[in-house]
Every structure is written in structure tokens, then in C-alpha cells.
Amino acid sequence: MRETKPLLVIGAGIAGITAALEAAEAGAKVVLVESEPSVGGRVLRVHNYFPKMCPPTCGMEINTRRLEKNPRIRVLTSSKVASAEQTEGGWKVTIASAPAFVNDKCTACGDCEKVCTTEVDDPFNLGMKKVKAIRLPHLTAWPKRFVFDRAACADDEAKKIAEACTYGAIDLDAAETSESLEFGSVVVATGWQPYPLEKLDELGGGLPDVIANVQMERLASVAGPTEGKILKPSNGEPPTKVAFVQCAGSRDVNHLNYCSGVCCLASLKQAIYVNEQLPEAEVTMYYIDRRAPGRNEDVLLRVAELEGVKLMKGKVGRVEQTDTGLKLRVEDVENEKLIDAEADLVVLATGMRPNALEDDLALFTRKDDDGFVLDDDEAGVTVAGVARRPEDVAASVRDATGAAARALVAAGRRA
Ligand SMILES: Cc1cc2nc3c(=O)[nH]c(=O)nc-3n(C[C@H](O)[C@H](O)[C@H](O)COP(=O)(O)OP(=O)(O)OC[C@H]3O[C@@H](n4cnc5c(N)ncnc54)[C@H](O)[C@@H]3O)c2cc1C
């Protein structure tokens, strides 16, 4: 292969990791930039993957081993593109890295965590749990290195924490660093964030027992706030009537204009979580359309047969707190009437909003009206995963392989 400038991949979720690995394994040099302290993105916050219903950690571990072994990939975590400028041969990019209060001497032994008393909201568990200010971001974090929320700790405590580290891995004076690099082409894989519950007050967003689908994933996970028990946030009791509300804010001009493509499958999967753990609970999924294309239909067929799970064609217009629980106002489409239904836990199937929506990075040369990034062959920018459009993991991986190939071609053209 002709020697080209390295490729820049922005975002180390499943799409970015795949694109980086495929390009590097084809011989290119790659810099993979991730804003969080560890790689993996949103899929690591999922309890089990559809369609196979296996935990995401096994697949991700294979990927991190491939990353570790490949000398052509440089991974920069806690880092972001600060500025970018198009050049004749590609892109000149400045990458800023957050202060490394914990450096790569860290062995993740945990001595620092033992002396730390300050607790903060756990970002990995979407703020549903408290964790120490110094900690491993999550059990399978890669790189396996602690992170330190330095701003949360008083100077005295921070000093004690640093002294507890016998490897000299904690640097309280660390500062932000930056470097400028030249790239032949760029893959954007910046992914998504959940549509905020607080914007869905008509559907009960903000009520204690109205949660988002992403929160249900954490409730079902042993590494989550309830150690895997599906419990109502209001009182810690198991729910008896669970309602899944589909298209919560999606396909709605007031919220997200589009279908996120995965929410039906996510709720069907979560109905299985509830049914397996709480077989006595009544589960109803209220949907406009049930979208389960391809082999994902197997999940739909499996759920349709479960005792205690009902799939009802109905649009939920309102969710309210009552003295006894939650009341749902539903348009029962098949019987053409409005009905009131009850539940004690409501799961809103909120959609995926592109992270690039509010980001005005010069590299995002083309975006659609919803904030998804579009390929720009002339600029040498290709897009992978949910940064391009809402899709599941299998589609994101396929997309990333294509993006890696297009990025290699673009870099080759500029060499
Ligand atoms: C409730 C729910 C359940 C789901 N369950 C499943 C399932 O069971 N099976 C399935 O196939 N799919 C599932 N999905 C879909 C799945 O989560 C996505 O397909 C997947 O996350 C796409 O990966 P990605 O790499 O494109 O994006 P992400 O996972 O969002 O990764 C993007 C990465 O980019 C980083 N990043 C963002 N901005 C920047 C920046 N400016 N600079 C550097 N880094 C940046 C982020 O920190 C992140 O690490 C589910 C989705 C939802 C909402």
C-alpha cells in the first residue's frame, strides 16, 4: 500500500473502533480520538444486545485486545478535536486532551479509591448511582486506568489520595495538553445521546417512576444502581405493571422528526428482561408501528408469545401521577377509542439524537436538518454509525467497515 498520511477517527464507540481497526489492519496509521476516559461508547451501557441477547462486553473485549495489539493505532482518550483546518493534502487538526490527573502508571489497584470519601454521580450509570471521585470508570474499562474528578475533591483530600498511590500515577498539577497533527482523511463516528426525558413532560418525564429506555438497561445490569434488580425508583419495590411507551418523542415534529430505528427492538428486549426477572408482572408495550426488520423479527415473535406480555397498537398521549400509580391516556387504534390504562413503572422509548447536533466543528462539513453528519468525499470526511443515521450495532459495524474503506481511498487520493 502507498504511504499516506494517517487517518483520524473521531469517537471510539463500536463504529469508531471498527473503522480504526479495519483501516489499521489494512496498513494505515490511525489516531482514534475519544472524549470519554475509556472506549466503547453507548453499547457498553446496554445490559444485553439484541438480537442474540448476549452482554456487549465479550465483543468489546475482543475489539480492545485488537486495539492493544495494533501498533498502527494511537488511542487518545479524554480528548477532543479543538480545531480543524482543511489543507491541500487533507486536514490539519488540533487535538486537546483533558488534564491526566491519573497517568498510565496506574495499575488500577484501587488504593487511592480506598482513601477517597467524596462521592459524585456515576456518569457510566447515567447518574443513577453514586461513585467515588477517583475510580475505574466501569468494570471493563479500557484503558484500565482510574479517572479522577479532581474538581469534586478539596485540596486536603486530593493530597491524601495522591499519597495513597505507590506507583506515582496521580499528578494533581496535570494540565490540559494539545497537539497539532496532519491527516489524510477523517472518519466521524461521534454517535448519539438519548433524547432528554425532561423534554417529555406530557409523557411524565420527570416523574420518579417514569424512566427512559437507557435507564432500564442500567437497572437490568448487575453493574447498575440496583445490581441488576428491576425496581421502581420511587420506593425500591419491584413493579407489578410495566408500560413501554414507544415513539416517546420520536416521529414527532415537536421533538425528534425521525424514527430511531432501534427503540422497538430495545423495548421488546427489555420486556424480556422484565418477564424473566418478574414473571408475575404485567407488561404492555404501546406502539404505533412495530419495527423489527430482518432477523430481528425473531425477537418480536419471541416476545409476542410470552405470557404476561401484551403488545397493543396504541399511541400514548399523556402520562400522569395518580394516588395509586401512573395513568396513561392511550389512543386504542384497533378499537378506535381513547382509553385510560394503569402502570406502576413506565419506560419511555426515547430516541437517539446525534452528538454532532450542537457541535460546530469545521470537520462536520455537511449535516442534515436533524444534525446527522453526511459524507463529504471532496473534503475527505466519511461518517460511520449513529453519527450518520440511527441504527443498531450490526448496521453500525457494517457502516464503519465501509467508512474505513472510503477513508483509505480518500487519503490515497491526497497522497
Ligand atoms: C435503549 C437502547 C438500547 C439499545 N440496545 C441495542 C441492542 O441491544 N442491540 C443493538 O444492536 N443496538 C442497540 N442499541 C443501538 C446502539 O446503542 C447503537 O447502534 C450504537 O451505540 C452505535 O454506536 P456508535 O459507535 O455509532 O455510537 P456511540 O455508541 O454513541 O459511540 C460514539 C462515541 O463517540 C464519542 N464522542 C462523541 N463526540 C465526540 C467528540 N466530539 N470527540 C471525541 N469523541 C466523541 C462518545 O463518547 C462515544 O464513545 C440500543 C439503543 C438504545 C437507545
# chains A, B, ... in the order shown; residues from 1 in each chain; ligands from 1

call {"tool": "residues_around", "arguments": {"residues": "Thr77 in chain A", "least_positions_apart": "2", "cutoff": "9 Å", "atoms": "only C-alpha atoms", "output": "ChimeraX atom specification"}}
result
/A:12,32-39,75,79-80,97-98,143

call {"tool": "residues_near_ligand", "arguments": {"ligand": "ligand 1", "cutoff": "6 Å", "atoms": "only C-alpha atoms and all ligand atoms", "output": "PyMOL selection string"}}
result
chain A and resi 10-16+33-36+39-43+46+48-50+80+189-192+213-214+262+266+352+355+385-387+391-394+396

call {"tool": "residues_around", "arguments": {"residues": "Arg45 in chain A", "least_positions_apart": "2", "cutoff": "10 Å", "atoms": "only C-alpha atoms", "output": "list in words"}}
result
Gly40, Gly41, Arg42, Val43, His47, Asn48, Pro55, Pro56, Thr57, Phe124, Asn125, Leu126, His138, Val214, Gln215, Glu217, Arg218, Ser221, Ala223 and Gly224 of chain A

call {"tool": "atom_distance", "arguments": {"atom1": "CA of Tyr167 in chain A", "atom2": "CA of Val31 in chain A"}}
result
27.8 Å

call {"tool": "closest_atom_pairs", "arguments": {"of": "range 199-264 of chain A", "to": "range 346-349 of chain A", "cutoff": "8 Å", "atoms": "only C-alpha atoms", "output": "tab-separated table"}}
result
residue	atom	partner	partner_atom	distance
A:Leu203	CA	A:Leu348	CA	7.9
A:Asp209	CA	A:Val346	CA	6.3
A:Val210	CA	A:Val346	CA	4.7
A:Ile211	CA	A:Val347	CA	5.0
A:Ala212	CA	A:Leu348	CA	4.8
A:Asn213	CA	A:Ala349	CA	5.2
A:Met216	CA	A:Val347	CA	7.3
A:Val242	CA	A:Val346	CA	5.8
A:Ala243	CA	A:Val346	CA	4.8
A:Phe244	CA	A:Val347	CA	4.8
A:Val245	CA	A:Leu348	CA	5.0
A:Gln246	CA	A:Ala349	CA	5.0
A:Cys247	CA	A:Ala349	CA	6.0
A:Ala248	CA	A:Ala349	CA	5.3
A:Cys263	CA	A:Ala349	CA	5.8
A:Cys264	CA	A:Ala349	CA	7.7

call {"tool": "closest_residue", "arguments": {"among": "A:Ala141, A:Cys259, A:Leu7, A:Ala292", "to": "Lys92 in chain A", "atoms": "only C-alpha atoms"}}
result
A:Leu7

call {"tool": "select_by_dssp", "arguments": {"residues": "range 251-359 of chain A", "states": "helix (DSSP H, G or I)", "output": "ChimeraX atom specification"}}
result
/A:263-277,294-304,355-358

call {"tool": "closest_residue", "arguments": {"among": "A:Val115, A:Pro51, A:Leu44, A:Leu363", "to": "Gly294 in chain A", "atoms": "only C-alpha atoms"}}
result
A:Pro51

call {"tool": "atom_distance", "arguments": {"atom1": "CA of Ala341 in chain A", "atom2": "CA of Leu328 in chain A"}}
result
5.0 Å

call {"tool": "select_by_dssp", "arguments": {"residues": "range 42-191 of chain A", "states": "strand (DSSP E or B)", "output": "PyMOL selection string"}}
result
chain A and resi 49+54+73-76+79-87+90-97+102+119-121+130-132+134-135+147-148+170+177-183+185-188

call {"tool": "closest_residue", "arguments": {"among": "A:Glu3, A:Leu256, A:Val30, A:Asp376", "to": "Pro194 in chain A", "atoms": "only C-alpha atoms"}}
result
A:Leu256

call {"tool": "residues_around", "arguments": {"residues": "Ala415 in chain A", "least_positions_apart": "4", "cutoff": "9 Å", "atoms": "only C-alpha atoms", "output": "PyMOL selection string"}}
result
chain A and resi 2-5+89-90+184+410-411

call {"tool": "closest_atom_pairs", "arguments": {"of": "range 281-367 of chain A", "to": "range 229-240 of chain A", "cutoff": "9 Å", "atoms": "only C-alpha atoms", "output": "JSON lines"}}
result
{"residue": "A:Ala281", "atom": "CA", "partner": "A:Thr240", "partner_atom": "CA", "distance": 4.4}
{"residue": "A:Glu282", "atom": "CA", "partner": "A:Thr240", "partner_atom": "CA", "distance": 6.2}
{"residue": "A:Val283", "atom": "CA", "partner": "A:Thr240", "partner_atom": "CA", "distance": 8.4}
{"residue": "A:Ala343", "atom": "CA", "partner": "A:Thr240", "partner_atom": "CA", "distance": 7.8}
{"residue": "A:Asp344", "atom": "CA", "partner": "A:Pro239", "partner_atom": "CA", "distance": 6.0}
{"residue": "A:Leu345", "atom": "CA", "partner": "A:Pro239", "partner_atom": "CA", "distance": 6.1}

call {"tool": "write_last_selection", "arguments": {"atoms": "N, CA and C atoms", "output": "PDB file, in the first residue's frame"}}
result
ATOM      1  N   ALA A 281     -45.270  -9.929  36.776  1.00  0.00           N
ATOM      2  CA  ALA A 281     -45.597  -8.546  36.371  1.00  0.00           C
ATOM      3  C   ALA A 281     -46.337  -8.536  35.027  1.00  0.00           C
ATOM      4  N   GLU A 282     -47.311  -7.610  34.916  1.00  0.00           N
ATOM      5  CA  GLU A 282     -48.000  -7.423  33.625  1.00  0.00           C
ATOM      6  C   GLU A 282     -47.196  -6.416  32.815  1.00  0.00           C
ATOM      7  N   VAL A 283     -46.897  -6.768  31.582  1.00  0.00           N
ATOM      8  CA  VAL A 283     -46.108  -5.866  30.727  1.00  0.00           C
ATOM      9  C   VAL A 283     -46.934  -5.521  29.493  1.00  0.00           C
ATOM     10  N   ALA A 343     -50.285   1.817  35.251  1.00  0.00           N
ATOM     11  CA  ALA A 343     -48.970   1.166  35.348  1.00  0.00           C
ATOM     12  C   ALA A 343     -48.312   1.653  36.635  1.00  0.00           C
ATOM     13  N   ASP A 344     -47.317   0.916  37.122  1.00  0.00           N
ATOM     14  CA  ASP A 344     -46.546   1.493  38.228  1.00  0.00           C
ATOM     15  C   ASP A 344     -45.093   1.744  37.836  1.00  0.00           C
ATOM     16  N   LEU A 345     -44.717   1.364  36.619  1.00  0.00           N
ATOM     17  CA  LEU A 345     -43.428   1.771  36.058  1.00  0.00           C
ATOM     18  C   LEU A 345     -43.634   2.005  34.560  1.00  0.00           C
TER      19      LEU A 345
END

call {"tool": "residues_around", "arguments": {"residues": "Leu200 in chain A", "least_positions_apart": "5", "cutoff": "9 Å", "atoms": "only C-alpha atoms", "output": "ChimeraX atom specification"}}
result
/A:205-206,248-249,255

call {"tool": "closest_residue", "arguments": {"among": "A:Ala362, A:Leu172, A:Ala403, A:Leu197", "to": "Asp155 in chain A", "atoms": "only C-alpha atoms"}}
result
A:Leu172
